[in-house]
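Containing mmCIF, C-alpha atoms and all ligand atoms: query.cif.
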data_query
#
loop_
_atom_site.group_PDB
_atom_site.id
_atom_site.type_symbol
_atom_site.label_atom_id
_atom_site.label_comp_id
_atom_site.auth_asym_id
_atom_site.auth_seq_id
_atom_site.Cartn_x
_atom_site.Cartn_y
_atom_site.Cartn_z
ATOM 1 C CA MET A 1 0.000 0.000 0.000
ATOM 2 C CA GLY A 2 1.273 3.486 -0.847
ATOM 3 C CA ARG A 3 2.123 5.741 2.062
ATOM 4 C CA LEU A 4 -0.544 8.329 1.225
ATOM 5 C CA LYS A 5 -3.129 5.558 1.258
ATOM 6 C CA GLU A 6 -1.795 4.283 4.554
ATOM 7 C CA LEU A 7 -1.962 7.749 6.101
ATOM 8 C CA ARG A 8 -5.504 8.192 4.761
ATOM 9 C CA ARG A 9 -6.551 4.929 6.345
ATOM 10 C CA PHE A 10 -5.317 6.262 9.691
ATOM 11 C CA VAL A 11 -7.020 9.652 9.224
ATOM 12 C CA ASP A 12 -10.279 7.985 8.102
ATOM 13 C CA GLU A 13 -10.353 5.999 11.334
ATOM 14 C CA VAL A 14 -10.031 9.180 13.403
ATOM 15 C CA LEU A 15 -12.703 10.989 11.369
ATOM 16 C CA ASN A 16 -15.098 8.056 11.487
ATOM 17 C CA ARG A 17 -15.103 8.377 15.276
ATOM 18 C CA MET A 18 -16.619 11.887 15.062
ATOM 19 C CA GLU A 19 -20.120 11.699 16.459
ATOM 20 C CA ASP A 20 -21.876 14.544 14.639
ATOM 21 C CA PRO A 21 -22.592 13.282 11.098
ATOM 22 C CA ASP A 22 -22.629 16.788 9.552
ATOM 23 C CA LYS A 23 -19.313 17.740 11.131
ATOM 24 C CA ARG A 24 -17.892 14.375 10.114
ATOM 25 C CA THR A 25 -18.966 14.856 6.491
ATOM 26 C CA SER A 26 -17.490 18.323 6.272
ATOM 27 C CA ALA A 27 -14.263 17.189 7.953
ATOM 28 C CA ILE A 28 -13.826 14.385 5.423
ATOM 29 C CA ALA A 29 -14.721 16.671 2.502
ATOM 30 C CA HIS A 30 -12.295 19.363 3.708
ATOM 31 C CA LEU A 31 -9.263 17.131 4.307
ATOM 32 C CA TYR A 32 -9.717 15.336 0.975
ATOM 33 C CA GLY A 33 -10.506 18.618 -0.803
ATOM 34 C CA VAL A 34 -7.392 20.341 0.537
ATOM 35 C CA SER A 35 -5.404 17.226 -0.306
ATOM 36 C CA LEU A 36 -6.530 17.405 -3.957
ATOM 37 C CA SER A 37 -5.775 21.132 -4.147
ATOM 38 C CA ALA A 38 -2.371 20.522 -2.548
ATOM 39 C CA THR A 39 -1.530 17.866 -5.148
ATOM 40 C CA ILE A 40 -2.464 20.218 -8.000
ATOM 41 C CA LEU A 41 -0.463 23.101 -6.501
ATOM 42 C CA ALA A 42 2.577 20.878 -5.859
ATOM 43 C CA ASN A 43 2.573 19.710 -9.461
ATOM 44 C CA LYS A 44 2.270 23.263 -10.676
ATOM 45 C CA ARG A 45 5.017 24.616 -8.388
ATOM 46 C CA GLY A 46 7.493 21.740 -8.655
ATOM 47 C CA LEU A 47 7.083 20.593 -5.033
ATOM 48 C CA ASP A 48 6.562 17.041 -3.778
ATOM 49 C CA PRO A 49 2.857 16.234 -4.350
ATOM 50 C CA GLU A 50 2.843 13.284 -1.975
ATOM 51 C CA ILE A 51 4.250 15.310 0.934
ATOM 52 C CA ALA A 52 1.819 18.123 0.109
ATOM 53 C CA ALA A 53 -1.133 15.700 0.128
ATOM 54 C CA MET A 54 0.031 14.136 3.398
ATOM 55 C CA ALA A 55 0.297 17.553 5.072
ATOM 56 C CA ALA A 56 -3.204 18.378 3.829
ATOM 57 C CA MET A 57 -4.674 15.135 5.193
ATOM 58 C CA LEU A 58 -3.351 15.972 8.669
ATOM 59 C CA HIS A 59 -3.648 19.757 8.750
ATOM 60 C CA ASP A 60 -6.946 20.155 10.672
ATOM 61 C CA LEU A 61 -7.010 16.755 12.336
ATOM 62 C CA HIS A 62 -6.371 18.157 15.819
ATOM 63 C CA ALA A 63 -9.391 20.450 15.509
ATOM 64 C CA TYR A 64 -11.636 17.591 14.400
ATOM 65 C CA LYS A 65 -10.326 15.265 17.096
ATOM 66 C CA SER A 66 -10.626 17.780 19.934
ATOM 67 C CA GLY A 67 -13.672 19.685 18.670
ATOM 68 C CA SER A 68 -11.806 22.994 19.137
ATOM 69 C CA TYR A 69 -9.966 25.328 16.765
ATOM 70 C CA ASP A 70 -8.017 26.991 19.606
ATOM 71 C CA ASP A 71 -4.370 27.032 18.518
ATOM 72 C CA HIS A 72 -5.240 24.138 16.186
ATOM 73 C CA ALA A 73 -2.361 24.787 13.770
ATOM 74 C CA HIS A 74 0.348 24.540 16.429
ATOM 75 C CA LEU A 75 -1.324 21.667 18.273
ATOM 76 C CA GLY A 76 -2.008 20.028 14.920
ATOM 77 C CA ALA A 77 1.688 20.112 14.057
ATOM 78 C CA GLU A 78 2.460 18.309 17.325
ATOM 79 C CA LEU A 79 -0.228 15.725 16.618
ATOM 80 C CA ALA A 80 1.049 15.242 13.061
ATOM 81 C CA ARG A 81 4.579 14.601 14.351
ATOM 82 C CA LYS A 82 3.237 11.985 16.758
ATOM 83 C CA VAL A 83 1.230 10.290 13.994
ATOM 84 C CA LEU A 84 4.091 10.338 11.481
ATOM 85 C CA ASN A 85 6.580 9.020 14.048
ATOM 86 C CA GLU A 86 4.180 6.188 14.820
ATOM 87 C CA LEU A 87 3.369 5.295 11.215
ATOM 88 C CA LYS A 88 7.027 5.580 10.063
ATOM 89 C CA LEU A 89 6.039 6.611 6.534
ATOM 90 C CA THR A 90 8.321 9.641 6.160
ATOM 91 C CA SER A 91 11.989 10.587 6.535
ATOM 92 C CA PRO A 92 12.882 13.072 9.317
ATOM 93 C CA GLU A 93 13.150 15.849 6.677
ATOM 94 C CA GLU A 94 9.736 14.998 5.226
ATOM 95 C CA THR A 95 8.200 14.900 8.715
ATOM 96 C CA ASP A 96 9.680 18.353 9.425
ATOM 97 C CA ALA A 97 8.317 19.765 6.140
ATOM 98 C CA ILE A 98 4.815 18.403 6.844
ATOM 99 C CA CYS A 99 4.797 19.617 10.449
ATOM 100 C CA SER A 100 6.098 23.055 9.468
ATOM 101 C CA ALA A 101 3.338 23.448 6.878
ATOM 102 C CA ILE A 102 0.697 22.468 9.451
ATOM 103 C CA TYR A 103 2.239 24.728 12.118
ATOM 104 C CA HIS A 104 2.057 27.774 9.817
ATOM 105 C CA HIS A 105 -1.161 27.026 7.927
ATOM 106 C CA ASP A 106 -3.322 29.459 9.887
ATOM 107 C CA ASP A 107 -0.910 32.387 9.321
ATOM 108 C CA LYS A 108 -2.604 33.316 6.036
ATOM 109 C CA LEU A 109 -1.381 36.922 6.012
ATOM 110 C CA VAL A 110 2.360 36.184 6.155
ATOM 111 C CA VAL A 111 4.656 34.369 3.729
ATOM 112 C CA ASP A 112 6.567 31.266 4.892
ATOM 113 C CA SER A 113 8.444 28.450 3.072
ATOM 114 C CA PRO A 114 7.159 27.196 -0.330
ATOM 115 C CA MET A 115 5.565 24.065 1.195
ATOM 116 C CA ASP A 116 4.041 26.146 4.027
ATOM 117 C CA GLU A 117 2.591 28.512 1.433
ATOM 118 C CA LEU A 118 1.286 25.613 -0.624
ATOM 119 C CA LEU A 119 -0.758 24.273 2.311
ATOM 120 C CA LYS A 120 -2.169 27.743 3.094
ATOM 121 C CA ASP A 121 -3.160 28.147 -0.553
ATOM 122 C CA ALA A 122 -4.677 24.660 -0.782
ATOM 123 C CA ASP A 123 -6.739 25.438 2.341
ATOM 124 C CA VAL A 124 -7.944 28.706 0.791
ATOM 125 C CA MET A 125 -8.753 26.979 -2.519
ATOM 126 C CA ASP A 126 -10.957 24.490 -0.721
ATOM 127 C CA HIS A 127 -12.679 27.197 1.354
ATOM 128 C CA CYS A 128 -13.338 29.375 -1.703
ATOM 129 C CA PHE A 129 -14.193 26.811 -4.391
ATOM 130 C CA LYS A 130 -16.327 24.525 -2.236
ATOM 131 C CA ASP A 131 -19.227 26.990 -2.592
ATOM 132 C CA ILE A 132 -18.601 29.887 -4.948
ATOM 133 C CA SER A 133 -21.903 31.532 -4.002
ATOM 134 C CA LYS A 134 -20.352 32.419 -0.619
ATOM 135 C CA PRO A 135 -18.267 35.582 -0.246
ATOM 136 C CA VAL A 136 -14.522 35.050 0.209
ATOM 137 C CA LYS A 137 -13.429 35.789 3.787
ATOM 138 C CA GLU A 138 -11.519 39.030 4.131
ATOM 139 C CA LYS A 139 -8.353 37.358 5.428
ATOM 140 C CA GLU A 140 -8.363 35.032 2.387
ATOM 141 C CA GLN A 141 -9.146 37.590 -0.335
ATOM 142 C CA GLU A 142 -5.585 38.533 -1.243
ATOM 143 C CA ARG A 143 -4.384 34.946 -1.304
ATOM 144 C CA PHE A 144 -7.422 33.893 -3.333
ATOM 145 C CA SER A 145 -6.876 36.565 -5.977
ATOM 146 C CA ARG A 146 -3.186 35.572 -6.269
ATOM 147 C CA LEU A 147 -4.317 31.966 -6.796
ATOM 148 C CA CYS A 148 -6.815 33.004 -9.483
ATOM 149 C CA GLU A 149 -3.994 34.874 -11.203
ATOM 150 C CA GLU A 150 -1.673 31.858 -10.925
ATOM 151 C CA PHE A 151 -4.317 29.700 -12.617
ATOM 152 C CA GLY A 152 -5.227 32.313 -15.230
ATOM 153 C CA MET A 153 -8.760 32.760 -13.851
ATOM 154 C CA ASN A 154 -9.042 36.524 -13.587
HETATM 155 FE FE FE A 201 -6.962 24.967 9.901
HETATM 156 FE FE FE A 202 -8.311 23.676 6.797
#

Translate the structure described by the file into structure tokens.
Ligand SMILES: [Fe+2]
Ligand SMILES: [Fe+2]
Amino acid sequence: MGRLKELRRFVDEVLNRMEDPDKRTSAIAHLYGVSLSATILANKRGLDPEIAAMAAMLHDLHAYKSGSYDDHAHLGAELARKVLNELKLTSPEETDAICSAIYHHDDKLVVDSPMDELLKDADVMDHCFKDISKPVKEKEQERFSRLCEEFGMN
């Protein structure tokens, strides 16, 4: 089994334990949606699509597991490190890249490393394209218009 599939199996098990069916559905849709966006962005930007997809699958897991978004990026990076150390799917460098992206993913107004930026952008793509009838959040507007430009969708 590929390592992305193995990680997804682990994440699916955590998500399937969520009691509220609506929250569970949107959690699954979001992690898989961000994962798809991350793969597309990684291919476009010459970054590792598998690492990008793995970071996306884990990025909000702490929030879903705990039911709280308080400091979920930083706590999520800690959780991701624990999971990746347990599953032994990644090298230490890959684990660091994934955890860094998760740690920074809520800092949408600042610019971090290319993989950190990729996860922020993939998150914004999922938020904005999941329902285009909804207005784009103010803190995501600038990033969203840069993404539209990158994809020639002005
Ligand atoms: Fe998040
Ligand atoms: Fe997210």

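Atom CA of Met18 of chain A is found 22.8 Å from atom CA of His105 of chain A.
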
So what does the PyMOL selection byres (((not hetatm)) within 10 of (chain A and resi 202)) actually pick up in this one, as a PyMOL selection string?
chain A and resi 27+30-31+33-34+56-61+63+72-73+102+105-106+119-120+122-127

For a test of reading the model, state the distance in Å between atom CA of Glu94 of chain A and atom CA of Asp70 of chain A, rounded to one decimal.
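For atom CA of Glu94 of chain A relative to atom CA of Asp70 of chain A, the distance reads 25.8 Å.
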
Go ahead and compute the interatomic distance for atom CA of Met1 of chain A and atom CA of Asn85 of chain A, in Å to one decimal.
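It comes out at 17.9 Å.
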
Name the closest residue to ligand FE 201 (chain A) among the candidates A:Met54, A:Thr25, A:His74, A:Ser35; distances are taken between atoms, counting all atoms listed in the file.
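Of A:Met54, A:Thr25, A:His74, A:Ser35, the one nearest ligand FE 201 (chain A) is A:His74, counting all atoms listed in the file.
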
Find, counting only C-alpha atoms, the residue in A:Ala55, A:Ala29, A:Ala77, A:Leu87 that gets nearest to Arg3 of chain A.
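With only C-alpha atoms as the atom set, the closest residue is A:Leu87.
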
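With all atoms listed in the file as the atoms that count, the minimum distance from ligand FE 201 (chain A) to the choices A:Leu41, A:Ala101, A:Leu47, A:Val14 is reached by A:Ala101.
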
Report the centre and edge lengths, in Å to one decimal, of an axis-aligned box enclosing every atom of segment 87-91 of chain A listed in the file, padded by 5 Å on each side, as AutoDock Vina command-line options.
--center_x 7.7 --center_y 7.9 --center_z 8.7 --size_x 18.6 --size_y 15.3 --size_z 15.1

Run the PyMOL selection byres (((chain A and resi 50) around 12) and not hetatm) mentally over the shown coordinates, then write out the matched residues as a short mmCIF file (atom, residue, chain, number, x, y, z; two decimals) with C-alpha atoms, in the frame of the given file, using the chain letters and numbers from the document.
data_model
loop_
_atom_site.label_atom_id
_atom_site.label_comp_id
_atom_site.auth_asym_id
_atom_site.auth_seq_id
_atom_site.Cartn_x
_atom_site.Cartn_y
_atom_site.Cartn_z
CA GLY A 2 1.27 3.49 -0.85
CA ARG A 3 2.12 5.74 2.06
CA LEU A 4 -0.54 8.33 1.23
CA LYS A 5 -3.13 5.56 1.26
CA LEU A 7 -1.96 7.75 6.10
CA ARG A 8 -5.50 8.19 4.76
CA SER A 35 -5.40 17.23 -0.31
CA LEU A 36 -6.53 17.40 -3.96
CA SER A 37 -5.78 21.13 -4.15
CA ALA A 38 -2.37 20.52 -2.55
CA THR A 39 -1.53 17.87 -5.15
CA ILE A 40 -2.46 20.22 -8.00
CA LEU A 41 -0.46 23.10 -6.50
CA ALA A 42 2.58 20.88 -5.86
CA ASN A 43 2.57 19.71 -9.46
CA GLY A 46 7.49 21.74 -8.65
CA LEU A 47 7.08 20.59 -5.03
CA ASP A 48 6.56 17.04 -3.78
CA PRO A 49 2.86 16.23 -4.35
CA ILE A 51 4.25 15.31 0.93
CA ALA A 52 1.82 18.12 0.11
CA ALA A 53 -1.13 15.70 0.13
CA MET A 54 0.03 14.14 3.40
CA ALA A 55 0.30 17.55 5.07
CA ALA A 56 -3.20 18.38 3.83
CA MET A 57 -4.67 15.14 5.19
CA LEU A 89 6.04 6.61 6.53
CA THR A 90 8.32 9.64 6.16
CA GLU A 94 9.74 15.00 5.23
CA ALA A 97 8.32 19.76 6.14
CA ILE A 98 4.82 18.40 6.84
CA MET A 115 5.56 24.06 1.20
#

I need the residue nearest ligand FE 201 (chain A) from this list: A:Asp22, A:Glu86, A:Asp12, A:Asp121. Use all atoms listed in the file for the distance.
A:Asp121
